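Source file: input06.txt; contents: compact mmCIF, C-alpha atoms.
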```txt
# COMPACT_ATOMS: atom_id res chain seq x y z
CA LEU A 191 -35.20 -91.73 -29.28
CA ALA A 192 -38.93 -92.46 -29.14
CA THR A 193 -39.20 -91.17 -32.70
CA ILE A 194 -36.49 -93.62 -33.77
CA ARG A 195 -37.51 -96.76 -31.91
CA ARG A 196 -40.40 -98.65 -33.47
CA ALA A 197 -42.34 -101.66 -32.36
CA LYS A 198 -40.71 -104.85 -33.57
CA ASN A 199 -43.83 -105.93 -35.42
CA GLU A 200 -44.32 -102.56 -37.11
CA PRO A 201 -43.24 -102.63 -40.77
CA ARG A 202 -40.41 -100.27 -41.60
CA PRO A 203 -40.99 -97.62 -44.28
CA ARG A 204 -39.50 -98.31 -47.66
CA ARG A 205 -36.39 -96.27 -48.24
CA ARG A 206 -36.51 -93.31 -50.58
CA THR A 207 -33.72 -94.59 -52.72
CA GLU A 208 -36.11 -96.67 -54.81
CA PRO A 209 -36.97 -95.61 -58.38
CA MET A 210 -40.56 -94.67 -57.59
CA HIS A 211 -39.40 -92.34 -54.84
CA ALA A 212 -36.96 -90.81 -57.28
CA LEU A 213 -39.81 -90.05 -59.69
CA VAL A 214 -41.89 -88.49 -56.92
CA ALA A 215 -38.95 -86.35 -55.86
CA MET A 216 -38.33 -85.21 -59.43
CA ALA A 217 -41.98 -84.16 -59.72
CA GLY A 218 -41.38 -81.61 -56.97
CA LEU A 219 -38.13 -80.36 -58.44
CA THR A 220 -39.60 -77.15 -59.86
CA LEU A 221 -40.94 -76.24 -56.42
CA CYS A 222 -37.55 -76.53 -54.72
CA LEU A 223 -34.81 -75.90 -57.25
CA GLY A 224 -33.08 -72.57 -56.84
CA SER A 225 -35.10 -71.52 -53.83
CA LEU A 226 -35.11 -71.88 -50.08
CA GLY A 227 -38.73 -72.99 -50.04
CA CYS A 228 -37.87 -76.65 -49.44
CA ALA A 229 -35.01 -76.10 -47.00
CA ALA A 230 -35.73 -77.69 -43.66
CA ALA A 231 -36.57 -75.23 -40.87
CA PRO A 232 -34.94 -75.82 -37.47
CA ARG A 233 -35.94 -79.22 -36.13
CA ARG A 234 -35.03 -80.65 -32.74
CA VAL A 235 -32.84 -83.76 -32.73
CA ASP A 236 -32.44 -84.20 -28.97
CA SER A 237 -32.99 -82.33 -25.73
CA SER A 238 -32.77 -82.69 -21.96
CA ALA A 239 -35.28 -81.02 -19.67
CA GLU A 240 -32.94 -81.70 -16.76
CA THR A 241 -29.88 -79.86 -18.10
CA GLY A 242 -31.40 -77.56 -20.74
CA PHE A 243 -29.29 -79.11 -23.50
CA ALA A 244 -30.84 -79.22 -26.95
CA LEU A 245 -29.61 -80.02 -30.45
CA TYR A 246 -31.27 -78.84 -33.67
CA ARG A 247 -30.72 -79.49 -37.36
CA SER A 248 -31.82 -77.38 -40.31
CA GLY A 249 -31.26 -76.39 -43.89
CA GLN A 250 -29.96 -73.04 -45.09
CA LEU A 251 -31.50 -70.38 -42.90
CA SER A 252 -33.53 -67.43 -44.11
CA SER A 253 -33.54 -64.33 -41.93
CA SER A 254 -36.81 -65.38 -40.29
CA GLU A 255 -35.51 -68.91 -39.68
CA LEU A 256 -32.32 -67.52 -38.17
CA LYS A 257 -34.45 -65.45 -35.78
CA GLN A 258 -36.43 -68.60 -35.00
CA LEU A 259 -33.22 -70.48 -34.21
CA CYS A 260 -32.13 -67.70 -31.87
CA SER A 261 -35.55 -67.58 -30.21
CA LEU A 262 -34.98 -71.24 -29.30
CA GLY A 263 -31.89 -70.17 -27.39
CA VAL A 264 -29.34 -71.72 -29.74
CA GLU A 265 -25.86 -70.39 -28.97
CA GLU A 266 -23.62 -72.21 -31.45
CA LEU A 267 -23.98 -73.43 -35.03
CA LEU A 268 -22.04 -75.70 -37.37
CA VAL A 269 -22.46 -74.93 -41.09
CA LEU A 270 -21.85 -78.04 -43.18
CA ASP A 271 -22.20 -76.43 -46.61
CA GLY A 272 -19.48 -73.82 -46.02
CA GLY A 273 -21.87 -70.93 -46.58
CA ALA A 274 -21.64 -69.05 -43.28
CA SER A 275 -19.53 -66.19 -44.69
CA ASP A 276 -22.33 -65.19 -47.06
CA ARG A 277 -25.23 -65.85 -44.70
CA GLU A 278 -24.91 -66.14 -40.93
CA CYS A 279 -21.89 -63.84 -40.74
CA GLN A 280 -23.70 -61.19 -42.79
CA MET A 281 -26.90 -61.54 -40.75
CA ARG A 282 -25.25 -61.45 -37.37
CA GLN A 283 -27.16 -58.36 -36.30
CA LEU A 284 -30.29 -60.56 -36.29
CA CYS A 285 -28.76 -62.89 -33.73
CA PRO A 286 -25.66 -61.27 -32.18
CA ASP A 287 -25.18 -63.97 -29.52
CA LEU A 288 -25.01 -66.84 -32.03
CA ARG A 289 -21.50 -68.10 -32.75
CA VAL A 290 -20.69 -70.06 -35.90
CA ARG A 291 -18.19 -72.65 -34.72
CA TYR A 292 -17.54 -74.29 -38.10
CA SER A 293 -18.15 -73.55 -41.78
CA PHE A 294 -16.86 -75.95 -44.40
CA ALA A 295 -18.38 -77.50 -47.52
CA GLN A 296 -18.59 -81.17 -46.65
CA ASP A 297 -19.29 -83.64 -49.45
CA PRO A 298 -22.26 -86.00 -48.96
CA ASP A 299 -20.64 -88.47 -51.36
CA HIS A 300 -17.43 -88.76 -49.32
CA PRO A 301 -17.13 -89.70 -45.64
CA VAL A 302 -16.46 -87.16 -42.94
CA SER A 303 -13.02 -87.35 -41.37
CA LEU A 304 -12.06 -88.82 -38.01
CA GLU A 305 -10.85 -85.37 -37.02
CA PHE A 306 -14.24 -83.79 -37.70
CA LEU A 307 -16.00 -86.50 -35.70
CA ALA A 308 -13.61 -85.97 -32.77
CA ALA A 309 -14.26 -82.21 -32.84
CA PHE A 310 -18.01 -82.82 -33.10
CA ASP A 311 -17.96 -85.21 -30.14
CA GLN A 312 -16.05 -82.71 -28.02
CA TRP A 313 -18.52 -79.96 -28.98
CA ILE A 314 -21.52 -82.15 -28.15
CA GLU A 315 -20.10 -83.41 -24.87
CA GLU A 316 -19.26 -79.88 -23.72
CA GLY A 317 -22.72 -78.71 -24.76
CA ARG A 318 -24.42 -81.54 -22.91
CA ALA A 319 -22.35 -80.91 -19.78
CA ASP A 320 -23.03 -77.16 -19.82
CA GLY A 321 -26.68 -77.40 -20.84
CA ARG A 322 -26.18 -75.37 -24.03
CA LYS A 323 -28.40 -75.32 -27.10
CA LEU A 324 -26.59 -76.21 -30.32
CA ALA A 325 -27.43 -76.60 -33.99
CA PHE A 326 -25.99 -77.68 -37.31
CA ARG A 327 -27.16 -77.14 -40.84
CA CYS A 328 -26.35 -77.92 -44.45
CA ARG A 329 -28.03 -76.44 -47.55
CA ARG A 330 -31.31 -78.36 -47.66
CA GLY A 331 -31.12 -80.03 -44.27
CA TRP A 332 -31.35 -83.51 -45.79
CA HIS A 333 -28.03 -85.08 -46.79
CA ARG A 334 -25.06 -83.74 -44.84
CA ALA A 335 -27.26 -82.80 -41.88
CA GLY A 336 -28.99 -86.17 -42.18
CA ARG A 337 -25.69 -88.05 -42.07
CA LEU A 338 -24.54 -86.14 -38.97
CA THR A 339 -27.92 -86.66 -37.30
CA ALA A 340 -27.59 -90.41 -37.94
CA TYR A 341 -24.16 -90.39 -36.30
CA TYR A 342 -25.50 -88.49 -33.30
CA GLU A 343 -28.45 -90.87 -32.91
CA MET A 344 -26.16 -93.90 -32.92
CA ARG A 345 -23.49 -92.33 -30.71
CA TYR A 346 -25.67 -90.59 -28.13
CA MET A 347 -29.22 -91.97 -28.41
CA GLY A 348 -28.59 -95.68 -28.79
CA ALA A 349 -30.05 -96.04 -32.28
CA SER A 350 -29.02 -99.02 -34.38
CA VAL A 351 -27.53 -98.56 -37.84
CA GLU A 352 -30.82 -99.62 -39.42
CA GLU A 353 -32.84 -97.21 -37.26
CA ALA A 354 -30.49 -94.31 -38.02
CA ILE A 355 -30.60 -94.98 -41.77
CA ASP A 356 -34.39 -95.31 -41.76
CA GLU A 357 -34.72 -92.02 -39.90
CA MET A 358 -32.29 -90.27 -42.27
CA GLN A 359 -34.24 -91.51 -45.28
CA ALA A 360 -37.61 -90.63 -43.74
CA GLN A 361 -36.55 -87.06 -42.94
CA GLY A 362 -34.75 -86.46 -46.24
CA ARG A 363 -35.62 -85.76 -49.86
CA TRP A 364 -33.85 -86.68 -53.10
CA MET A 365 -31.87 -89.29 -51.18
CA TRP A 366 -31.40 -91.29 -54.39
CA ARG A 367 -28.93 -88.62 -55.50
CA HIS A 368 -26.46 -89.71 -52.82
CA PRO A 369 -26.43 -93.53 -52.66
CA GLN A 370 -23.22 -93.50 -50.60
CA LEU A 371 -25.00 -92.07 -47.57
CA ASP A 372 -26.41 -95.40 -46.36
CA PRO A 373 -23.06 -97.25 -46.41
CA GLN A 374 -21.40 -94.20 -44.85
CA VAL A 375 -23.85 -94.35 -41.95
CA ALA A 376 -23.21 -98.08 -41.64
CA ALA A 377 -19.48 -97.32 -41.41
CA LEU A 378 -20.16 -94.69 -38.75
CA GLY A 379 -22.13 -97.31 -36.84
CA GLU A 380 -19.11 -99.60 -36.88
CA LEU A 381 -16.98 -96.75 -35.56
CA VAL A 382 -19.47 -96.07 -32.75
CA ALA A 383 -19.44 -99.77 -31.87
CA GLY A 384 -15.63 -99.81 -31.74
CA GLU A 385 -15.41 -102.13 -34.73
CA SER A 386 -13.11 -101.97 -37.73
CA CYS A 387 -14.71 -100.43 -40.79
CA SER A 388 -15.68 -103.16 -43.24
CA GLY A 389 -16.08 -100.80 -46.20
CA GLY A 390 -13.56 -99.02 -48.37
CA VAL A 391 -12.09 -95.54 -48.27
CA ASP A 392 -15.18 -94.25 -50.08
CA VAL A 393 -17.35 -94.91 -47.02
CA CYS A 394 -15.00 -95.25 -44.02
CA PRO A 395 -13.93 -92.14 -42.07
CA GLN A 396 -10.24 -91.40 -42.64
CA SER A 397 -7.66 -89.30 -40.83
CA VAL A 398 -6.78 -86.02 -42.57
CA ASP A 399 -4.93 -82.78 -41.89
CA PRO A 400 -7.44 -80.90 -39.69
CA THR A 401 -6.89 -77.61 -41.51
CA SER A 402 -7.89 -79.24 -44.81
CA GLU A 403 -11.41 -79.72 -43.44
CA GLY A 404 -12.02 -76.34 -41.82
CA LEU A 405 -10.71 -77.26 -38.37
CA GLN A 406 -8.07 -75.59 -36.22
CA PRO A 407 -4.52 -77.01 -36.36
CA ASP A 408 -5.20 -78.75 -33.03
CA GLY A 409 -8.29 -80.40 -34.52
CA GLY A 410 -10.91 -78.31 -32.73
CA PHE A 411 -13.62 -76.02 -34.07
CA PRO A 412 -12.85 -72.28 -34.32
CA LEU A 413 -14.24 -70.32 -31.40
CA ASP A 414 -16.03 -67.88 -33.70
CA PHE A 415 -15.79 -68.42 -37.45
CA CYS A 416 -17.45 -65.10 -38.23
CA ALA A 417 -15.24 -62.94 -36.00
CA ASP A 418 -12.69 -62.12 -38.72
CA ARG A 419 -15.11 -62.32 -41.64
CA MET A 420 -17.86 -59.90 -40.69
CA ASP A 421 -18.68 -56.87 -42.81
CA PRO A 422 -17.64 -53.88 -40.62
CA GLU A 423 -21.04 -52.31 -41.23
CA VAL A 424 -22.71 -55.45 -39.88
CA ALA A 425 -20.53 -55.48 -36.79
CA ARG A 426 -21.68 -52.02 -35.70
```

Once you've parsed the file, please lay out its structure as C-alpha cells.
Amino acid sequence: LATIRRAKNEPRPRRRTEPMHALVAMAGLTLCLGSLGCAAAPRRVDSSAETGFALYRSGQLSSSELKQLCSLGVEELLVLDGGASDRECQMRQLCPDLRVRYSFAQDPDHPVSLEFLAAFDQWIEEGRADGRKLAFRCRRGWHRAGRLTAYYEMRYMGASVEEAIDEMQAQGRWMWRHPQLDPQVAALGELVAGESCSGGVDVCPQSVDPTSEGLQPDGGFPLDFCADRMDPEVAR
C-alpha cells in the first residue's frame, strides 16, 4: 500500500487518458503491436512476509516469463484474456505445479460480474489464509489486469477509489482506448464500501449465469482449467 498512498501535499500524476498521452502511446505502437515485447512481466501486487502469501499480475507470458512466475513460487493463475488453452496449458511442462484456475476472455469495456468477484474473493481469502502465491494476467497486463488490481487494492489494501484509479493509470498503457475503466473502478469502490452503484449497467457489476463467464455452475473457479485441455504429448 506504500506504493499507493501518497503524501497529501504531493501532486497526483495526470491520468493517461488525456490527448497528449494518447499521442505518446500511439508513437510507441509499432514497438508493441503484434508482439509480446510490451507485455508486462510478473509484478507483485501484495505480499505478506508473515504468512508467505503473495499476489502477482502480468501480461501474456512468454516461456521465460512463465518460468519466472514459477520461480517465484506461484501455484495458481487466473487468465483474464481466455488464452490459457493455447499458452499455459501447452507450456505446462515448464511449470508442472502451476494450476490455471480460470480462463475467460473478459471485456475491459464491460464490468465484471458479481459472480466473478465472489469467486475472486474466495480465491484470495483462501490464498491469504493458506499462505499461497497467486497470480492473474490478461494480454498486455494493463487493462483487465489493471481493473482487477484496482479492485484488490480497494478491497484488501485500503486504497481509495482515486488512489486505485491513479495506480491503474500509472501502471497501464493506451488507457485512452478504454475510457470505461475509470467509472468501472469507481463502481467497484462503491461495492467495496457497501454502497449502491450510482452508475448504469455499463459500469456496475451485474449478476449473471456463472457458466456464461467461465465459472463453475456453483460460481467457483475450476480446480484445474488445463486438466482436460492438455495436449497428451505435453502431459507426458

### Task
Find, counting all atoms listed in the file, the residue in A:Gln370, A:Gln361, A:Thr339, A:Gln312 that gets nearest to Gly409 of chain A.
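For Gly409 of chain A, the nearest of the given residues is A:Gln312.
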
Report the closest atom pair, with its distance in Å rounded to one decimal, for each residue of segment 255-285 of chain A that has an atom no farther than 7 Å from segment 291-303 of chain A; count only C-alpha atoms, sort by chain and then rising residue number, and write it as CSV.
```
residue,atom,partner,partner_atom,distance
A:Glu266,CA,A:Arg291,CA,6.4
A:Leu267,CA,A:Arg291,CA,5.9
A:Leu268,CA,A:Tyr292,CA,4.8
A:Val269,CA,A:Ser293,CA,4.6
A:Leu270,CA,A:Phe294,CA,5.5
A:Asp271,CA,A:Ala295,CA,4.1
A:Gly272,CA,A:Phe294,CA,3.7
A:Gly273,CA,A:Ser293,CA,6.6
A:Ala274,CA,A:Ser293,CA,5.9
```

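The neighbours of segment 371-377 of chain A here are the residues that come within 7 Å of it, using all atoms listed in the file and leaving out any residue fewer than 4 positions away in the same chain; they are Pro298, Asp299, Pro301, Arg337, Ala340, Tyr341, Val351, Ile355, Leu381, Cys387, Gly389, Val393 and Cys394 of chain A.
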
### Query
In Å to one decimal, how far is atom CA of Trp332 of chain A from atom CA of Arg247 of chain A?
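Atom-to-atom, atom CA of Arg247 of chain A and atom CA of Trp332 of chain A are spaced 9.4 Å apart.
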
### Task
Write out as a ChimeraX atom specification the residues lying within 12 Å of Ile314 of chain A, counting only C-alpha atoms and excluding same-chain residues fewer than 4 positions away.
/A:236-237,243-246,266-268,307-310,318-326,338,341-342,345-346,411

### Between atom CA of Gln258 of chain A and atom CA of Met347 of chain A, distance in Å (one decimal)
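Taking atom CA of Gln258 of chain A as the start and atom CA of Met347 of chain A as the end point, the length is 25.3 Å.
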
### Task
For atom CA of Ala231 of chain A and atom CA of Asp311 of chain A, quote the distance in Å rounded to one decimal.
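It comes out at 23.7 Å.
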
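Restricting the calculation to all atoms listed in the file, the smallest distance between Cys416 of chain A and any of A:Pro395, A:Pro286, A:Gly263, A:Gly242 is found for A:Pro286.
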